[in-house]
$ cat structure.tsv   # TSV, C-alpha atoms (C1' of nucleotides)
chain	number	residue	atom	x	y	z
A	310	MET	CA	0.01	-31.15	-62.82
A	311	ASN	CA	-0.63	-28.20	-65.08
A	312	MET	CA	-2.24	-25.66	-62.81
A	313	ASN	CA	-4.69	-23.25	-64.28
A	314	LYS	CA	-2.32	-20.30	-64.67
A	315	LYS	CA	-2.08	-19.22	-68.23
A	316	SER	CA	-2.31	-22.49	-70.05
A	317	PRO	CA	-3.76	-22.00	-73.51
A	318	LEU	CA	-7.02	-23.78	-72.83
A	319	THR	CA	-7.78	-24.77	-69.27
A	320	LYS	CA	-10.99	-22.72	-68.89
A	321	PRO	CA	-12.34	-20.06	-71.15
A	322	ALA	CA	-12.60	-16.87	-69.17
A	323	HIS	CA	-16.02	-16.27	-70.66
A	324	PHE	CA	-19.21	-17.02	-68.94
A	325	ASP	CA	-22.22	-16.32	-71.02
A	326	LEU	CA	-25.44	-16.08	-69.09
A	327	GLU	CA	-27.45	-16.47	-72.26
A	328	HIS	CA	-25.98	-19.90	-72.77
A	329	PHE	CA	-26.35	-21.05	-69.20
A	330	LEU	CA	-29.03	-23.68	-69.01
A	331	PRO	CA	-30.64	-22.70	-65.69
A	332	TYR	CA	-31.04	-19.20	-67.03
A	333	GLN	CA	-32.42	-20.29	-70.38
A	334	LEU	CA	-34.85	-22.60	-68.72
A	335	SER	CA	-36.05	-19.86	-66.45
A	336	VAL	CA	-36.57	-17.44	-69.31
A	337	VAL	CA	-38.53	-19.92	-71.38
A	338	SER	CA	-40.59	-21.01	-68.42
A	339	ASN	CA	-41.41	-17.45	-67.44
A	340	THR	CA	-42.44	-16.53	-70.93
A	341	VAL	CA	-44.71	-19.55	-71.19
A	342	SER	CA	-46.15	-19.04	-67.71
A	343	GLN	CA	-46.94	-15.46	-68.45
A	344	GLY	CA	-48.64	-16.42	-71.67
A	345	ILE	CA	-50.79	-19.10	-70.17
A	346	ALA	CA	-51.59	-17.00	-67.13
A	347	HIS	CA	-53.48	-14.62	-69.37
A	348	ILE	CA	-56.04	-17.29	-70.01
A	349	TYR	CA	-57.22	-17.66	-66.48
A	350	GLN	CA	-56.42	-14.21	-65.24
A	351	GLN	CA	-58.18	-12.24	-67.90
A	352	ASN	CA	-61.13	-14.52	-68.28
A	353	HIS	CA	-61.71	-15.96	-64.85
A	354	ASP	CA	-59.79	-13.78	-62.41
A	355	LEU	CA	-57.69	-16.68	-61.17
A	356	THR	CA	-54.03	-16.77	-60.16
A	357	VAL	CA	-51.73	-19.52	-61.32
A	358	ILE	CA	-51.97	-21.23	-57.97
A	359	GLU	CA	-55.75	-21.03	-57.94
A	360	TRP	CA	-55.92	-22.50	-61.41
A	361	ARG	CA	-53.61	-25.33	-60.45
A	362	ILE	CA	-55.74	-26.17	-57.48
A	363	ILE	CA	-58.80	-26.28	-59.67
A	364	ALA	CA	-57.00	-28.37	-62.26
A	365	VAL	CA	-55.78	-30.92	-59.80
A	366	LEU	CA	-59.16	-31.13	-58.08
A	367	GLY	CA	-60.85	-31.48	-61.43
A	368	ARG	CA	-58.80	-34.53	-61.98
A	369	TYR	CA	-58.63	-35.84	-58.40
A	370	PRO	CA	-61.67	-34.68	-56.45
A	371	GLY	CA	-61.50	-34.93	-52.72
A	372	LEU	CA	-57.84	-34.21	-52.16
A	373	THR	CA	-56.94	-32.32	-49.03
A	374	ALA	CA	-54.89	-29.14	-49.07
A	375	SER	CA	-51.74	-30.95	-48.05
A	376	GLN	CA	-52.20	-33.57	-50.70
A	377	ILE	CA	-52.43	-30.76	-53.22
A	378	VAL	CA	-49.22	-29.33	-51.83
A	379	GLU	CA	-47.50	-32.67	-52.25
A	380	ARG	CA	-48.67	-33.14	-55.78
A	381	THR	CA	-47.98	-29.69	-57.09
A	382	VAL	CA	-44.87	-28.68	-55.15
A	383	MET	CA	-46.50	-25.38	-54.27
A	384	ASP	CA	-46.11	-23.58	-50.99
A	385	LYS	CA	-48.35	-24.66	-48.14
A	386	VAL	CA	-49.30	-21.13	-47.17
A	387	ALA	CA	-49.97	-20.12	-50.76
A	388	VAL	CA	-52.29	-23.09	-51.15
A	389	SER	CA	-54.08	-22.33	-47.91
A	390	ARG	CA	-54.77	-18.77	-48.98
A	391	ALA	CA	-55.79	-19.72	-52.50
A	392	VAL	CA	-58.19	-22.35	-51.17
A	393	LYS	CA	-59.70	-19.77	-48.86
A	394	ARG	CA	-60.34	-17.43	-51.74
A	395	LEU	CA	-61.80	-20.19	-53.90
A	396	LEU	CA	-64.14	-21.22	-51.08
A	397	GLU	CA	-65.28	-17.65	-50.64
A	398	ARG	CA	-65.91	-17.32	-54.33
A	399	GLY	CA	-67.87	-20.54	-54.33
A	400	LEU	CA	-65.61	-22.52	-56.63
A	401	LEU	CA	-64.74	-25.10	-53.99
A	402	LYS	CA	-66.49	-26.88	-51.23
A	403	ARG	CA	-64.83	-28.44	-48.21
A	404	ILE	CA	-65.85	-31.59	-46.43
A	405	THR	CA	-64.36	-32.40	-43.07
A	406	HIS	CA	-63.26	-36.00	-42.86
A	407	GLY	CA	-65.39	-38.12	-40.52
A	408	SER	CA	-62.87	-39.81	-38.31
A	409	ASP	CA	-60.01	-37.30	-38.63
A	410	ARG	CA	-61.35	-33.81	-38.32
A	411	ARG	CA	-58.05	-32.19	-39.23
A	412	ARG	CA	-58.51	-33.38	-42.77
A	413	ARG	CA	-60.70	-31.30	-44.98
A	414	HIS	CA	-61.36	-32.73	-48.39
A	415	LEU	CA	-61.82	-30.34	-51.24
A	416	GLU	CA	-64.02	-30.54	-54.29
A	417	LEU	CA	-65.12	-28.32	-57.11
A	418	THR	CA	-68.65	-27.08	-56.68
A	419	ASP	CA	-71.02	-28.26	-59.38
A	420	GLU	CA	-72.17	-24.80	-60.30
A	421	THR	CA	-69.14	-22.55	-60.43
A	422	GLY	CA	-66.20	-24.86	-59.83
A	423	LYS	CA	-66.78	-27.51	-62.42
A	424	LYS	CA	-68.06	-24.97	-64.88
A	425	THR	CA	-64.90	-22.91	-64.56
A	426	PHE	CA	-62.74	-25.98	-64.90
A	427	ALA	CA	-64.63	-27.04	-68.01
A	428	ALA	CA	-64.28	-23.57	-69.47
A	429	ILE	CA	-60.55	-23.29	-68.93
A	430	VAL	CA	-59.44	-26.75	-70.01
A	431	PRO	CA	-60.05	-26.32	-73.73
A	432	ARG	CA	-58.34	-22.95	-73.73
A	433	ALA	CA	-55.35	-24.38	-71.89
A	434	ARG	CA	-55.17	-27.24	-74.34
A	435	LYS	CA	-55.37	-24.87	-77.22
A	436	TYR	CA	-52.54	-22.80	-75.84
A	437	GLU	CA	-50.40	-25.87	-75.37
A	438	GLN	CA	-51.11	-27.00	-78.91
A	439	ALA	CA	-50.20	-23.63	-80.31
A	440	LEU	CA	-47.01	-23.67	-78.30
A	441	LEU	CA	-46.05	-27.07	-79.63
A	442	ALA	CA	-47.34	-26.53	-83.13
A	443	GLY	CA	-43.85	-26.14	-84.51
A	444	LEU	CA	-42.60	-29.43	-83.10
A	445	SER	CA	-43.20	-32.89	-84.48
A	446	SER	CA	-44.75	-35.35	-82.08
A	447	ALA	CA	-41.41	-37.14	-81.84
A	448	GLU	CA	-39.80	-33.88	-80.82
A	449	VAL	CA	-42.45	-33.27	-78.23
A	450	GLN	CA	-41.82	-36.72	-76.89
A	451	THR	CA	-38.09	-36.06	-76.72
A	452	LEU	CA	-38.61	-32.71	-75.04
A	453	LEU	CA	-40.78	-34.20	-72.34
A	454	GLU	CA	-38.35	-36.98	-71.71
A	455	LEU	CA	-35.36	-34.68	-71.49
A	456	LEU	CA	-37.19	-32.30	-69.17
A	457	ASP	CA	-38.06	-35.21	-66.99
A	458	ARG	CA	-34.49	-36.38	-66.77
A	459	LEU	CA	-33.37	-32.85	-66.01
A	460	HIS	CA	-35.92	-32.66	-63.25
A	461	LEU	CA	-34.70	-35.87	-61.67
A	462	ALA	CA	-31.11	-34.69	-61.88
A	463	ALA	CA	-32.03	-31.39	-60.25
A	464	ILE	CA	-33.81	-33.16	-57.42
A	465	THR	CA	-30.87	-35.46	-56.85
A	466	LEU	CA	-28.44	-32.56	-56.80
A	467	GLU	CA	-30.60	-30.70	-54.34
A	468	GLU	CA	-30.68	-33.63	-51.97
A	469	ASN	CA	-26.93	-33.98	-52.03
A	470	THR	CA	-26.33	-30.27	-51.61
A	471	GLU	CA	-28.61	-29.89	-48.64
A	472	SER	CA	-26.68	-32.37	-46.54
A	473	GLY	CA	-23.67	-30.04	-46.73
A	474	SER	CA	-25.20	-27.02	-45.07
A	475	GLU	CA	-27.94	-27.66	-42.55
A	476	HIS	CA	-30.72	-29.90	-41.19
B	685	MET	CA	-52.12	-36.23	-93.67
B	686	ASN	CA	-53.96	-37.76	-90.77
B	687	MET	CA	-54.90	-34.80	-88.61
B	688	ASN	CA	-54.76	-35.36	-84.96
B	689	LYS	CA	-58.51	-35.56	-84.45
B	690	LYS	CA	-58.84	-39.18	-85.48
B	691	SER	CA	-60.94	-40.39	-82.55
B	692	PRO	CA	-64.71	-40.48	-82.51
B	693	LEU	CA	-64.79	-38.76	-79.11
B	694	THR	CA	-64.38	-35.04	-79.37
B	695	LYS	CA	-62.39	-34.33	-76.22
B	696	PRO	CA	-61.41	-36.59	-73.37
B	697	ALA	CA	-62.89	-35.21	-70.16
B	698	HIS	CA	-59.54	-35.57	-68.42
B	699	PHE	CA	-57.10	-32.84	-67.94
B	700	ASP	CA	-53.94	-33.86	-66.21
B	701	LEU	CA	-51.93	-31.00	-64.83
B	702	GLU	CA	-48.88	-33.23	-64.50
B	703	HIS	CA	-48.84	-33.72	-68.24
B	704	PHE	CA	-49.45	-30.14	-69.13
B	705	LEU	CA	-46.29	-28.66	-70.62
B	706	PRO	CA	-46.43	-25.19	-69.10
B	707	TYR	CA	-46.78	-26.77	-65.70
B	708	GLN	CA	-43.98	-29.28	-66.23
B	709	LEU	CA	-41.70	-26.60	-67.50
B	710	SER	CA	-42.42	-24.46	-64.50
B	711	VAL	CA	-41.74	-27.27	-62.05
B	712	VAL	CA	-38.44	-28.22	-63.67
B	713	SER	CA	-37.36	-24.62	-63.94
B	714	ASN	CA	-38.21	-23.91	-60.30
B	715	THR	CA	-36.34	-26.94	-59.09
B	716	VAL	CA	-33.26	-26.01	-61.09
B	717	SER	CA	-33.46	-22.35	-60.06
B	718	GLN	CA	-33.70	-23.25	-56.44
B	719	GLY	CA	-30.72	-25.56	-56.75
B	720	ILE	CA	-28.52	-23.05	-58.46
B	721	ALA	CA	-29.64	-20.25	-56.18
B	722	HIS	CA	-27.97	-22.05	-53.28
B	723	ILE	CA	-24.61	-21.44	-54.85
B	724	TYR	CA	-24.73	-17.70	-54.74
B	725	GLN	CA	-27.05	-17.27	-51.80
B	726	GLN	CA	-25.21	-19.46	-49.34
B	727	ASN	CA	-21.72	-18.51	-50.40
B	728	HIS	CA	-21.99	-14.92	-51.50
B	729	ASP	CA	-25.25	-13.57	-50.15
B	730	LEU	CA	-26.57	-12.71	-53.58
B	731	THR	CA	-30.09	-12.98	-54.97
B	732	VAL	CA	-30.77	-14.43	-58.38
B	733	ILE	CA	-31.16	-10.98	-59.87
B	734	GLU	CA	-27.96	-9.74	-58.32
B	735	TRP	CA	-26.09	-12.72	-59.65
B	736	ARG	CA	-27.47	-12.21	-63.13
B	737	ILE	CA	-26.39	-8.61	-63.12
B	738	ILE	CA	-22.89	-9.65	-62.10
B	739	ALA	CA	-22.83	-12.36	-64.73
B	740	VAL	CA	-23.91	-10.13	-67.53
B	741	LEU	CA	-21.51	-7.38	-66.49
B	742	GLY	CA	-18.72	-9.92	-66.23
B	743	ARG	CA	-19.30	-10.66	-69.83
B	744	TYR	CA	-20.27	-7.21	-71.07
B	745	PRO	CA	-18.69	-4.54	-68.88
B	746	GLY	CA	-20.10	-1.07	-69.13
B	747	LEU	CA	-23.73	-1.86	-69.79
B	748	THR	CA	-26.27	0.52	-68.35
B	749	ALA	CA	-29.14	-0.60	-66.15
B	750	SER	CA	-31.62	-0.45	-68.97
B	751	GLN	CA	-29.37	-2.45	-71.26
B	752	ILE	CA	-29.24	-5.09	-68.56
B	753	VAL	CA	-33.02	-5.06	-68.39
B	754	GLU	CA	-33.21	-5.55	-72.14
B	755	ARG	CA	-30.79	-8.41	-72.17
B	756	THR	CA	-32.09	-10.34	-69.19
B	757	VAL	CA	-35.82	-9.70	-69.37
B	758	MET	CA	-35.84	-8.76	-65.72
B	759	ASP	CA	-37.95	-6.05	-64.16
B	760	LYS	CA	-36.67	-2.48	-64.34
B	761	VAL	CA	-37.38	-1.76	-60.71
B	762	ALA	CA	-35.86	-5.02	-59.55
B	763	VAL	CA	-32.69	-4.24	-61.46
B	764	SER	CA	-32.55	-0.72	-60.07
B	765	ARG	CA	-32.77	-2.01	-56.53
B	766	ALA	CA	-30.29	-4.82	-57.05
B	767	VAL	CA	-27.78	-2.42	-58.61
B	768	LYS	CA	-28.17	-0.12	-55.66
B	769	ARG	CA	-27.37	-2.92	-53.26
B	770	LEU	CA	-24.39	-4.08	-55.31
B	771	LEU	CA	-23.01	-0.55	-55.41
B	772	GLU	CA	-23.38	-0.24	-51.65
B	773	ARG	CA	-21.62	-3.53	-51.15
B	774	GLY	CA	-18.82	-2.45	-53.43
B	775	LEU	CA	-19.31	-5.09	-56.12
B	776	LEU	CA	-20.13	-2.56	-58.80
B	777	LYS	CA	-18.99	0.87	-59.79
B	778	ARG	CA	-20.96	3.34	-61.83
B	779	ILE	CA	-19.61	5.78	-64.39
B	780	THR	CA	-21.85	8.54	-65.64
B	781	HIS	CA	-21.64	8.91	-69.39
B	782	GLY	CA	-19.87	12.06	-70.51
B	783	SER	CA	-22.26	13.53	-73.01
B	784	ASP	CA	-25.51	11.99	-71.77
B	785	ARG	CA	-25.63	12.23	-68.03
B	786	ARG	CA	-28.73	10.10	-67.74
B	787	ARG	CA	-26.71	7.07	-68.70
B	788	ARG	CA	-24.73	5.42	-65.99
B	789	HIS	CA	-22.48	2.62	-67.10
B	790	LEU	CA	-21.89	-0.21	-64.72
B	791	GLU	CA	-18.82	-2.33	-64.14
B	792	LEU	CA	-17.62	-4.89	-61.70
B	793	THR	CA	-15.09	-3.51	-59.25
B	794	ASP	CA	-11.68	-5.09	-59.53
B	795	GLU	CA	-11.53	-6.05	-55.88
B	796	THR	CA	-14.87	-7.48	-54.88
B	797	GLY	CA	-16.86	-7.56	-58.09
B	798	LYS	CA	-14.53	-9.43	-60.38
B	799	LYS	CA	-13.41	-11.65	-57.55
B	800	THR	CA	-16.98	-12.67	-56.80
B	801	PHE	CA	-17.70	-13.28	-60.45
B	802	ALA	CA	-14.58	-15.41	-60.78
B	803	ALA	CA	-15.53	-17.37	-57.69
B	804	ILE	CA	-19.07	-18.12	-58.79
B	805	VAL	CA	-18.47	-19.01	-62.41
B	806	PRO	CA	-16.73	-22.34	-61.83
B	807	ARG	CA	-19.38	-23.36	-59.31
B	808	ALA	CA	-22.14	-22.44	-61.72
B	809	ARG	CA	-20.44	-24.38	-64.48
B	810	LYS	CA	-20.03	-27.36	-62.19
B	811	TYR	CA	-23.69	-27.28	-61.31
B	812	GLU	CA	-24.68	-27.13	-64.94
B	813	GLN	CA	-22.40	-30.03	-65.76
B	814	ALA	CA	-23.83	-32.11	-62.95
B	815	LEU	CA	-27.30	-31.29	-64.14
B	816	LEU	CA	-26.51	-32.39	-67.67
B	817	ALA	CA	-24.32	-35.31	-66.72
B	818	GLY	CA	-27.00	-37.80	-67.62
B	819	LEU	CA	-27.48	-36.46	-71.14
B	820	SER	CA	-25.31	-37.05	-74.16
B	821	SER	CA	-24.00	-33.99	-75.90
B	822	ALA	CA	-26.39	-34.64	-78.77
B	823	GLU	CA	-29.26	-34.67	-76.30
B	824	VAL	CA	-28.09	-31.44	-74.75
B	825	GLN	CA	-27.95	-29.95	-78.19
B	826	THR	CA	-31.49	-31.11	-78.91
B	827	LEU	CA	-32.77	-29.84	-75.61
B	828	LEU	CA	-31.35	-26.39	-76.19
B	829	GLU	CA	-32.76	-26.25	-79.65
B	830	LEU	CA	-36.22	-27.35	-78.59
B	831	LEU	CA	-36.25	-24.90	-75.69
B	832	ASP	CA	-35.31	-22.17	-78.07
B	833	ARG	CA	-38.10	-23.01	-80.46
B	834	LEU	CA	-40.53	-23.15	-77.57
B	835	HIS	CA	-39.37	-19.76	-76.45
B	836	LEU	CA	-39.94	-18.27	-79.86
B	837	ALA	CA	-43.37	-19.82	-80.07
B	838	ALA	CA	-44.28	-18.44	-76.66
B	839	ILE	CA	-43.16	-14.96	-77.64
B	840	THR	CA	-45.15	-15.10	-80.84
B	841	LEU	CA	-48.25	-16.27	-79.02
B	842	GLU	CA	-47.88	-13.51	-76.50
B	843	GLU	CA	-47.70	-10.87	-79.19
B	844	ASN	CA	-50.81	-12.14	-80.86
B	845	THR	CA	-52.72	-12.45	-77.61
B	846	GLU	CA	-51.91	-8.96	-76.43
B	847	SER	CA	-53.52	-7.35	-79.41
B	848	GLY	CA	-56.84	-8.66	-78.11
B	849	SER	CA	-56.87	-6.74	-74.89
B	850	GLU	CA	-55.01	-3.46	-74.87
B	851	HIS	CA	-52.36	-1.14	-76.37
C	1282	DC	C1'	-34.91	28.90	-77.61
C	1283	DC	C1'	-38.46	27.28	-75.17
C	1284	DA	C1'	-42.54	24.17	-74.53
C	1285	DT	C1'	-43.30	19.41	-75.21
C	1286	DA	C1'	-42.10	14.87	-75.52
C	1287	DC	C1'	-38.93	11.30	-74.53
C	1288	DT	C1'	-35.46	8.43	-72.03
C	1289	DA	C1'	-32.90	6.74	-67.75
C	1290	DG	C1'	-33.37	5.57	-63.49
C	1291	DT	C1'	-35.56	6.01	-58.68
C	1292	DT	C1'	-39.12	6.24	-55.20
C	1293	DT	C1'	-43.67	5.61	-53.27
C	1294	DC	C1'	-47.32	2.84	-51.91
C	1295	DA	C1'	-50.33	-0.94	-51.88
C	1296	DT	C1'	-50.05	-5.89	-52.47
C	1297	DT	C1'	-48.10	-10.25	-52.40
C	1298	DT	C1'	-45.08	-13.44	-50.48
C	1299	DG	C1'	-42.84	-16.54	-47.17
C	1300	DC	C1'	-41.11	-17.76	-42.78
C	1301	DA	C1'	-42.20	-18.79	-38.23
C	1302	DA	C1'	-45.32	-19.17	-34.81
C	1303	DC	C1'	-49.87	-20.45	-33.84
C	1304	DT	C1'	-54.51	-23.37	-33.09
C	1305	DA	C1'	-56.74	-27.59	-33.40
C	1306	DT	C1'	-56.77	-32.31	-33.71
C	1307	DT	C1'	-54.87	-36.98	-33.66
C	1308	DT	C1'	-51.18	-40.37	-32.71
C	1309	DT	C1'	-47.61	-42.46	-29.99
C	1310	DC	C1'	-45.73	-44.91	-26.33
C	1311	DA	C1'	-44.03	-44.81	-21.34
D	725	DT	C1'	-54.13	-43.13	-19.30
D	726	DG	C1'	-52.06	-38.77	-20.65
D	727	DA	C1'	-47.89	-35.91	-21.77
D	728	DA	C1'	-45.16	-35.26	-25.75
D	729	DA	C1'	-44.77	-35.55	-30.66
D	730	DA	C1'	-46.89	-35.35	-35.06
D	731	DT	C1'	-50.07	-33.64	-38.56
D	732	DA	C1'	-53.45	-30.31	-40.90
D	733	DG	C1'	-54.22	-26.00	-41.74
D	734	DT	C1'	-54.17	-20.81	-40.56
D	735	DT	C1'	-52.42	-16.34	-39.24
D	736	DG	C1'	-49.09	-12.45	-38.10
D	737	DC	C1'	-45.57	-9.87	-39.51
D	738	DA	C1'	-41.61	-8.34	-41.97
D	739	DA	C1'	-39.57	-8.35	-46.36
D	740	DA	C1'	-40.03	-8.65	-51.46
D	741	DT	C1'	-42.55	-7.13	-55.40
D	742	DG	C1'	-44.69	-4.28	-59.09
D	743	DA	C1'	-47.49	-0.58	-61.05
D	744	DA	C1'	-47.57	4.10	-61.38
D	745	DA	C1'	-45.82	8.43	-60.28
D	746	DC	C1'	-41.83	10.97	-59.93
D	747	DT	C1'	-36.97	13.33	-60.72
D	748	DA	C1'	-33.45	14.41	-63.76
D	749	DG	C1'	-31.53	14.96	-68.04
D	750	DT	C1'	-31.84	15.14	-73.27
D	751	DA	C1'	-33.97	15.65	-77.88
D	752	DT	C1'	-37.23	17.95	-81.00
D	753	DG	C1'	-40.20	20.91	-83.56
D	754	DG	C1'	-42.63	25.23	-84.04
$ encode --input "structure.tsv" --output "structure tokens"
Amino acid sequence: MNMNKKSPLTKPAHFDLEHFLPYQLSVVSNTVSQGIAHIYQQNHDLTVIEWRIIAVLGRYPGLTASQIVERTVMDKVAVSRAVKRLLERGLLKRITHGSDRRRRHLELTDETGKKTFAAIVPRARKYEQALLAGLSSAEVQTLLELLDRLHLAAITLEENTESGSEH
Amino acid sequence: MNMNKKSPLTKPAHFDLEHFLPYQLSVVSNTVSQGIAHIYQQNHDLTVIEWRIIAVLGRYPGLTASQIVERTVMDKVAVSRAVKRLLERGLLKRITHGSDRRRRHLELTDETGKKTFAAIVPRARKYEQALLAGLSSAEVQTLLELLDRLHLAAITLEENTESGSEH
DNA sequence: CCATACTAGTTTCATTTGCAACTATTTTCA
DNA sequence: TGAAAATAGTTGCAAATGAAACTAGTATGG
């Protein structure tokens, strides 16, 4: 059984970070995130997390903080603090659930909240369009599908890995 | 050439974060990063930045800190601190350039540095393979190409945007 | 040559983050 | 019932981060 000693081609000794998918993905994602972050930072003084909360509440009013956490895979504490800031700034309002007073449903305020949402959405869309301008719609479709499959694979791997170390 | 307007309604009121590319990209990238981070955190007590420094030095020995920054698009301060830690732990050695004493070239130490690199590489490769197991090689090819084009687009957008605010 | 500007890398300090522990409320089931 | 477990959300604190200032060394132009 040909052990890996010096055989002509078992494994190339090279490892090229630039061609390592997790790295590439991270670089692309960071570049895009940074670009889009401009939109809501510069113009509305919002962090990425704050914007995401607004976006998800714009679409699904009345979610609670933990439902937002579920949906967006963001950290619980980060969401709690961002919600606090958005409440203080008057972008959100909070309604305590009648029968279960632990639950506090969140909504965009009519004045500031919805207005901000409405102002950012077209800019975000425009950014996305510009980003994808070089791709045909078939390519966009393919990209989304491949990303989705990658995501599923990553989740599956994570689940299997975890069992090995703790819990 | 049928522009994408086509509908009588100007803009749908909906905005769905889950179908917004920058968001999707970020979620996939975070999931993958977290998964791969296990490999070097659990087994070698390295952060992502530390691992990247090792990886890039494994491939290109003798780079200076600022060359690493250039190549990996990581923060200057973060690299400085990670290098410091790797030197302390004996994974790197530093050679001051003869004629320009500001430059300090970095290399993996034979003992710990190269050994660690050699230990991580196969695991990293294995992770990447598992991640891509569900895709055909043509699909992988396509994915890489599309990511690359996205990256370029994002960089271009960034450059154009910046001009608006400062510099 | 020497004042100024530039480059490499580090440190300081003020925030930001993230884990764990906490409060408050509701559910479970003995 | 009511004590223990579960759930929602917050807070404290220590560590990670990042911008700007700083040290050290080199290049340049008058």
$ residues_around --input "structure.tsv" --residues "Val761 of chain B" --least-positions-apart "4" --cutoff "12 Å" --atoms "only C-alpha atoms (C1' of nucleotides)" --output "PyMOL selection string"
(chain B and resi 733+749-750+752-753+757+765-768) or (chain C and resi 1289-1292) or (chain D and resi 740-744)
$ write_last_selection --input "structure.tsv" --atoms "C-alpha atoms (C1' of nucleotides)" --output "compact mmCIF listing (two decimals), in the frame of the given file"
# COMPACT_ATOMS: atom_id res chain seq x y z
CA ILE B 733 -31.16 -10.98 -59.87
CA ALA B 749 -29.14 -0.60 -66.15
CA SER B 750 -31.62 -0.45 -68.97
CA ILE B 752 -29.24 -5.09 -68.56
CA VAL B 753 -33.02 -5.06 -68.39
CA VAL B 757 -35.82 -9.70 -69.37
CA ARG B 765 -32.77 -2.01 -56.53
CA ALA B 766 -30.29 -4.82 -57.05
CA VAL B 767 -27.78 -2.42 -58.61
CA LYS B 768 -28.17 -0.12 -55.66
C1' DA C 1289 -32.90 6.74 -67.75
C1' DG C 1290 -33.37 5.57 -63.49
C1' DT C 1291 -35.56 6.01 -58.68
C1' DT C 1292 -39.12 6.24 -55.20
C1' DA D 740 -40.03 -8.65 -51.46
C1' DT D 741 -42.55 -7.13 -55.40
C1' DG D 742 -44.69 -4.28 -59.09
C1' DA D 743 -47.49 -0.58 -61.05
C1' DA D 744 -47.57 4.10 -61.38
$ interface_residues --input "structure.tsv" --of "chain A" --to "chain B" --cutoff "6 Å" --atoms "only C-alpha atoms" --output "ChimeraX atom specification"
/A:334-335,337-338,341,344,440,460,462-463,467
$ write_last_selection --input "structure.tsv" --atoms "C-alpha atoms" --output "CSV table (one decimal), in the coordinates of the input"
chain,number,residue,atom,x,y,z
A,334,LEU,CA,-34.8,-22.6,-68.7
A,335,SER,CA,-36.0,-19.9,-66.4
A,337,VAL,CA,-38.5,-19.9,-71.4
A,338,SER,CA,-40.6,-21.0,-68.4
A,341,VAL,CA,-44.7,-19.6,-71.2
A,344,GLY,CA,-48.6,-16.4,-71.7
A,440,LEU,CA,-47.0,-23.7,-78.3
A,460,HIS,CA,-35.9,-32.7,-63.2
A,462,ALA,CA,-31.1,-34.7,-61.9
A,463,ALA,CA,-32.0,-31.4,-60.2
A,467,GLU,CA,-30.6,-30.7,-54.3
$ residues_around --input "structure.tsv" --residues "DC1287 of chain C" --least-positions-apart "2" --cutoff "10 Å" --atoms "only C-alpha atoms (C1' of nucleotides)" --output "PyMOL selection string"
(chain C and resi 1285) or (chain D and resi 750-752)
$ atom_distance --input "structure.tsv" --atom1 "atom CA of Leu730 of chain B" --atom2 "atom CA of Arg773 of chain B"
10.7 Å
$ residues_around --input "structure.tsv" --residues "DG733 of chain D" --least-positions-apart "5" --cutoff "10 Å" --atoms "only C-alpha atoms (C1' of nucleotides)" --output "PDB file with C-alpha atoms (C1' of nucleotides), in the frame of the given file"
ATOM      1  CA  ALA A 374     -54.890 -29.140 -49.070  1.00  0.00           C
ATOM      2  CA  SER A 375     -51.740 -30.950 -48.050  1.00  0.00           C
ATOM      3  CA  LYS A 385     -48.350 -24.660 -48.140  1.00  0.00           C
ATOM      4  CA  VAL A 386     -49.300 -21.130 -47.170  1.00  0.00           C
ATOM      5  CA  SER A 389     -54.080 -22.330 -47.910  1.00  0.00           C
ATOM      6  CA  ARG A 411     -58.050 -32.190 -39.230  1.00  0.00           C
ATOM      7  CA  ARG A 412     -58.510 -33.380 -42.770  1.00  0.00           C
ATOM      8  CA  ARG A 413     -60.700 -31.300 -44.980  1.00  0.00           C
TER       9      ARG A 413
ATOM     10  C1'  DT C1304     -54.510 -23.370 -33.090  1.00  0.00           C
ATOM     11  C1'  DA C1305     -56.740 -27.590 -33.400  1.00  0.00           C
TER      12       DA C1305
END
$ residues_around --input "structure.tsv" --residues "Leu771 of chain B" --least-positions-apart "4" --cutoff "10 Å" --atoms "only C-alpha atoms (C1' of nucleotides)" --output "PDB file with C-alpha atoms, keeping the file's coordinate frame"
ATOM      1  CA  ARG B 765     -32.770  -2.010 -56.530  1.00  0.00           C
ATOM      2  CA  ALA B 766     -30.290  -4.820 -57.050  1.00  0.00           C
ATOM      3  CA  VAL B 767     -27.780  -2.420 -58.610  1.00  0.00           C
ATOM      4  CA  LEU B 775     -19.310  -5.090 -56.120  1.00  0.00           C
ATOM      5  CA  LEU B 776     -20.130  -2.560 -58.800  1.00  0.00           C
ATOM      6  CA  LYS B 777     -18.990   0.870 -59.790  1.00  0.00           C
ATOM      7  CA  ARG B 778     -20.960   3.340 -61.830  1.00  0.00           C
ATOM      8  CA  LEU B 790     -21.890  -0.210 -64.720  1.00  0.00           C
ATOM      9  CA  GLU B 791     -18.820  -2.330 -64.140  1.00  0.00           C
ATOM     10  CA  LEU B 792     -17.620  -4.890 -61.700  1.00  0.00           C
ATOM     11  CA  THR B 793     -15.090  -3.510 -59.250  1.00  0.00           C
ATOM     12  CA  GLY B 797     -16.860  -7.560 -58.090  1.00  0.00           C
TER      13      GLY B 797
END
$ interface_residues --input "structure.tsv" --of "chain C" --to "chain A" --cutoff "10 Å" --atoms "all atoms listed in the file" --output "ChimeraX atom specification"
/C:1298-1300,1305-1307
$ atom_distance --input "structure.tsv" --atom1 "atom CA of Leu395 of chain A" --atom2 "atom CA of Asp354 of chain A"
10.8 Å
$ axis_aligned_box --input "structure.tsv" --around "segment 345-352 of chain A" --padding-each-side "8 Å" --output "JSON"
{"center_x": -56.0, "center_y": -15.7, "center_z": -67.7, "size_x": 26.3, "size_y": 22.9, "size_z": 20.9}
$ interface_residues --input "structure.tsv" --of "chain D" --to "chain A" --cutoff "9 Å" --atoms "all atoms listed in the file" --output "MDAnalysis selection string"
chainID D and resid 731:734
